[in-house]
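Novice: Here it is, the structure, as structure tokens.
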Amino acid sequence: MSAETIEKAIEKKPAEALLSKRRKKLVTDPLVDDNPITIQVLGICSALAVTTQMKPTLVMAISVIFVVVMSNLAISLLRNTIPTRVRIIVQLAVVATLVTLVSEVLKAFAYDMYKELSVFVGLIITNCIVMGRLEAFALGNKPYDSILDGLGSALGYSWIILAVAFFRELWGSGSVFGVPVFDYVSGLFGPDFKLATNGLMVSPVGAFIILGLIIWVQRTKTGYVEH
């Protein structure tokens, strides 16, 4: 065998770029085209339950991003050592550990927020988005790709619940992040002018309405049709 033949045999393919087109799609697709809430219809419960105000919604979004990304990384690193029969148990154990860590950090540094979100933070363990990405992607892909996939899905979830919370707090309480926007705007037009809030927006019905409108606008724009 000639030296030229040997060189061709051992020649390796160039490494894929850190932000190649395929990897970018792992992050960008869940934002709109394959959004976990509006397209896959996952994580609806927390989208309705924690979105009355922006502050707890933001904390919930950050918590989900942390849990999804880190659990994807952990399961991907362990993917070749996890027996198939116990993979769900291992996934639940990893997610439960991360959720407990988030809960303890909130308890230590943001106790009021912990009391407000304690039940819902605990329910991240059973969030279909988290378990779905572990089962569908992290178990069969390398750590870096799994991180990107988890980040994309978590960001797609986060921007939806933040959008719902923005409109619910604005129309339901007249404020955003606790800042009285309606009072400020009303003051610009004199004492006889007052913007009224809508109590329906602070109820689950209001969350359904806003989420439905977001889904309608998104699917109209993308042309997505449920089959």
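Chain labels A, B, ... are given in the sequence in which chains occur in the structure tokens; within each chain residues are numbered consecutively from 1, and ligands are likewise numbered from 1 in the order shown.
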Do you know which residues are at most 8 Å from Ala196 in chain A counting only C-alpha atoms, after dropping those on the same chain fewer than 2 positions away, and could you put them as a PyMOL selection string?

Specialist: chain A and resi 174+182+194+198

Novice: Suppose we keep N, CA, C and O atoms; can you now write the selection as a compact mmCIF listing (two decimals), in the first residue's frame?

Specialist:
```
# COMPACT_ATOMS: atom_id res chain seq x y z
N GLY A 174 -52.69 46.53 35.24
CA GLY A 174 -52.27 47.86 34.82
C GLY A 174 -50.81 48.15 35.07
O GLY A 174 -50.40 49.31 35.14
N PHE A 182 -50.48 51.87 33.75
CA PHE A 182 -51.78 52.51 33.50
C PHE A 182 -51.92 53.81 34.29
O PHE A 182 -52.45 54.80 33.78
N LYS A 194 -58.81 57.84 33.08
CA LYS A 194 -58.28 56.69 33.80
C LYS A 194 -58.45 55.42 32.95
O LYS A 194 -59.56 55.11 32.51
N ASN A 198 -58.81 44.89 33.37
CA ASN A 198 -59.80 43.84 33.11
C ASN A 198 -59.49 42.66 34.03
O ASN A 198 -58.47 41.99 33.88
```

Novice: Please report, as a Markdown table, each residue of range 77-137 of chain A lying at most 7 Å from range 37-53 of chain A, together with the nearest pair of atoms and the separation in Å rounded to one decimal; use only C-alpha atoms, and order rows by chain and ascending residue number.

Specialist:
```
| residue | atom | partner | partner_atom | distance |
| --- | --- | --- | --- | --- |
| A:Phe120 | CA | A:Ser46 | CA | 7.0 |
| A:Asn127 | CA | A:Gly43 | CA | 6.0 |
| A:Cys128 | CA | A:Leu42 | CA | 5.9 |
| A:Ile129 | CA | A:Leu42 | CA | 6.1 |
```

Novice: Output N, CA and C atoms of each residue in that selection to a file, as a CSV table (one decimal), in the first residue's frame.

Specialist:
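Listing of selection-v2.csv after writing:
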```csv
chain,number,residue,atom,x,y,z
A,120,PHE,N,-44.9,25.2,41.7
A,120,PHE,CA,-44.7,25.1,40.2
A,120,PHE,C,-43.3,24.8,39.9
A,127,ASN,N,-42.5,18.2,33.8
A,127,ASN,CA,-42.8,19.0,32.6
A,127,ASN,C,-42.5,18.2,31.3
A,128,CYS,N,-43.4,18.1,30.4
A,128,CYS,CA,-43.2,17.3,29.2
A,128,CYS,C,-42.1,17.8,28.4
A,129,ILE,N,-41.8,19.1,28.4
A,129,ILE,CA,-40.8,19.7,27.6
A,129,ILE,C,-39.4,19.1,28.0
```

Novice: Restricting the calculation to only C-alpha atoms: of A:Pro180, A:Tyr144, A:Leu188, A:Pro204, which residue gets closest to Lys24 in chain A?

Specialist: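 Looking at the shortest contact to Lys24 in chain A, the residue is A:Tyr144.
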
Novice: Identify all residues of range 21-220 of chain A in alpha helix (DSSP H) (DSSP on the backbone) and supply them as a PyMOL selection string.

Specialist: chain A and resi 21-28+44-49+54-78+87-109+111-122+128-136+143-173+181-188+204-220

Novice: How many Å separate CA of Val99 in chain A from CA of Ile215 in chain A?

Specialist: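 CA of Val99 in chain A sits 28.5 Å away from CA of Ile215 in chain A.
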
Novice: Pick out the closest residue to Thr197 in chain A from this set: A:Leu148, A:Met70, A:Leu170, A:Val102. Count only C-alpha atoms.

Specialist: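 Nearest to Thr197 in chain A: A:Leu170.
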
Novice: Do you know which residues are at most 12 Å from Val205 in chain A counting only C-alpha atoms, after dropping those on the same chain fewer than 2 positions away, and could you put them as a list in words?

Specialist: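 In the requested form, the answer reads Leu48, Ala49, Thr51, Thr52, Val164, Arg168, Gly172, Asn198, Gly199, Leu200, Met201, Val202, Ser203, Ala207, Phe208, Ile209, Ile210, Leu211 and Gly212 of chain A.
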
Novice: Please dump the current selection as a PDB file, in the first residue's frame; keep N, CA and C atoms.

Specialist:
```pdb
ATOM      1  N   LEU A  48     -50.196  28.692  32.016  1.00  0.00           N
ATOM      2  CA  LEU A  48     -51.441  29.288  32.504  1.00  0.00           C
ATOM      3  C   LEU A  48     -51.348  29.661  33.976  1.00  0.00           C
ATOM      4  N   ALA A  49     -50.557  28.917  34.744  1.00  0.00           N
ATOM      5  CA  ALA A  49     -50.579  29.060  36.200  1.00  0.00           C
ATOM      6  C   ALA A  49     -49.684  30.171  36.733  1.00  0.00           C
ATOM      7  N   THR A  51     -48.340  32.889  35.067  1.00  0.00           N
ATOM      8  CA  THR A  51     -48.168  34.045  34.182  1.00  0.00           C
ATOM      9  C   THR A  51     -49.035  35.243  34.548  1.00  0.00           C
ATOM     10  N   THR A  52     -49.469  35.335  35.803  1.00  0.00           N
ATOM     11  CA  THR A  52     -50.263  36.505  36.187  1.00  0.00           C
ATOM     12  C   THR A  52     -49.394  37.748  36.327  1.00  0.00           C
ATOM     13  N   VAL A 164     -47.236  35.971  27.472  1.00  0.00           N
ATOM     14  CA  VAL A 164     -48.539  35.818  28.128  1.00  0.00           C
ATOM     15  C   VAL A 164     -48.579  36.638  29.410  1.00  0.00           C
ATOM     16  N   ARG A 168     -51.095  39.753  30.467  1.00  0.00           N
ATOM     17  CA  ARG A 168     -51.974  39.513  31.604  1.00  0.00           C
ATOM     18  C   ARG A 168     -51.745  40.545  32.706  1.00  0.00           C
ATOM     19  N   GLY A 172     -54.534  43.138  33.189  1.00  0.00           N
ATOM     20  CA  GLY A 172     -55.219  42.722  34.406  1.00  0.00           C
ATOM     21  C   GLY A 172     -54.920  43.579  35.615  1.00  0.00           C
ATOM     22  N   ASN A 198     -58.815  44.887  33.368  1.00  0.00           N
ATOM     23  CA  ASN A 198     -59.797  43.836  33.106  1.00  0.00           C
ATOM     24  C   ASN A 198     -59.490  42.657  34.028  1.00  0.00           C
ATOM     25  N   GLY A 199     -60.384  42.413  34.967  1.00  0.00           N
ATOM     26  CA  GLY A 199     -60.173  41.336  35.928  1.00  0.00           C
ATOM     27  C   GLY A 199     -60.103  39.959  35.302  1.00  0.00           C
ATOM     28  N   LEU A 200     -60.642  39.825  34.104  1.00  0.00           N
ATOM     29  CA  LEU A 200     -60.606  38.530  33.424  1.00  0.00           C
ATOM     30  C   LEU A 200     -59.173  38.093  33.136  1.00  0.00           C
ATOM     31  N   MET A 201     -58.276  39.058  32.950  1.00  0.00           N
ATOM     32  CA  MET A 201     -56.904  38.738  32.573  1.00  0.00           C
ATOM     33  C   MET A 201     -56.118  38.073  33.696  1.00  0.00           C
ATOM     34  N   VAL A 202     -56.516  38.275  34.945  1.00  0.00           N
ATOM     35  CA  VAL A 202     -55.787  37.642  36.051  1.00  0.00           C
ATOM     36  C   VAL A 202     -56.332  36.258  36.374  1.00  0.00           C
ATOM     37  N   SER A 203     -57.327  35.813  35.642  1.00  0.00           N
ATOM     38  CA  SER A 203     -57.886  34.477  35.822  1.00  0.00           C
ATOM     39  C   SER A 203     -57.325  33.543  34.757  1.00  0.00           C
ATOM     40  N   ALA A 207     -55.570  33.819  30.586  1.00  0.00           N
ATOM     41  CA  ALA A 207     -54.369  33.157  30.063  1.00  0.00           C
ATOM     42  C   ALA A 207     -54.697  32.335  28.824  1.00  0.00           C
ATOM     43  N   PHE A 208     -55.831  31.628  28.853  1.00  0.00           N
ATOM     44  CA  PHE A 208     -56.254  30.848  27.693  1.00  0.00           C
ATOM     45  C   PHE A 208     -56.465  31.757  26.485  1.00  0.00           C
ATOM     46  N   ILE A 209     -57.110  32.894  26.705  1.00  0.00           N
ATOM     47  CA  ILE A 209     -57.416  33.808  25.599  1.00  0.00           C
ATOM     48  C   ILE A 209     -56.128  34.335  24.972  1.00  0.00           C
ATOM     49  N   ILE A 210     -55.201  34.805  25.802  1.00  0.00           N
ATOM     50  CA  ILE A 210     -53.953  35.375  25.282  1.00  0.00           C
ATOM     51  C   ILE A 210     -53.109  34.308  24.602  1.00  0.00           C
ATOM     52  N   LEU A 211     -53.023  33.133  25.220  1.00  0.00           N
ATOM     53  CA  LEU A 211     -52.250  32.055  24.608  1.00  0.00           C
ATOM     54  C   LEU A 211     -52.871  31.634  23.277  1.00  0.00           C
ATOM     55  N   GLY A 212     -54.204  31.591  23.230  1.00  0.00           N
ATOM     56  CA  GLY A 212     -54.880  31.256  21.982  1.00  0.00           C
ATOM     57  C   GLY A 212     -54.603  32.271  20.886  1.00  0.00           C
TER      58      GLY A 212
END
```

Novice: Have a look at CA of Phe66 in chain A and CA of Leu213 in chain A and let me know their distance in Å, one decimal.

Specialist: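 Going from CA of Phe66 in chain A over to CA of Leu213 in chain A covers 28.0 Å.
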
Novice: One decimal, Å: what's the distance from CA of Glu135 in chain A over to CA of Arg87 in chain A, could you say?

Specialist: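 So the two atoms, CA of Glu135 in chain A and CA of Arg87 in chain A, lie 8.6 Å apart.
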
Novice: Pick out the closest residue to Ser63 in chain A from this set: A:Ala93, A:Val121, A:Gly223, A:Leu31. Count only C-alpha atoms.

Specialist: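 Ranked by minimum distance to Ser63 in chain A, first place goes to A:Val121.
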
Novice: Hey, what's within 8 Å of Val69 in chain A if we count only C-alpha atoms and toss same-chain stuff fewer than 5 positions away? As a list in words, please?

Specialist: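 What passes the distance filter is Ser146, Ile147, Leu148, Asp149, Gly150, Leu151 and Ala154 of chain A.
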
Novice: Counting only C-alpha atoms, which of A:Leu155, A:Leu73, A:Val181, A:Val64 gets nearest to Ser103 in chain A?

Specialist: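 For Ser103 in chain A, the nearest of the given residues is A:Val64.
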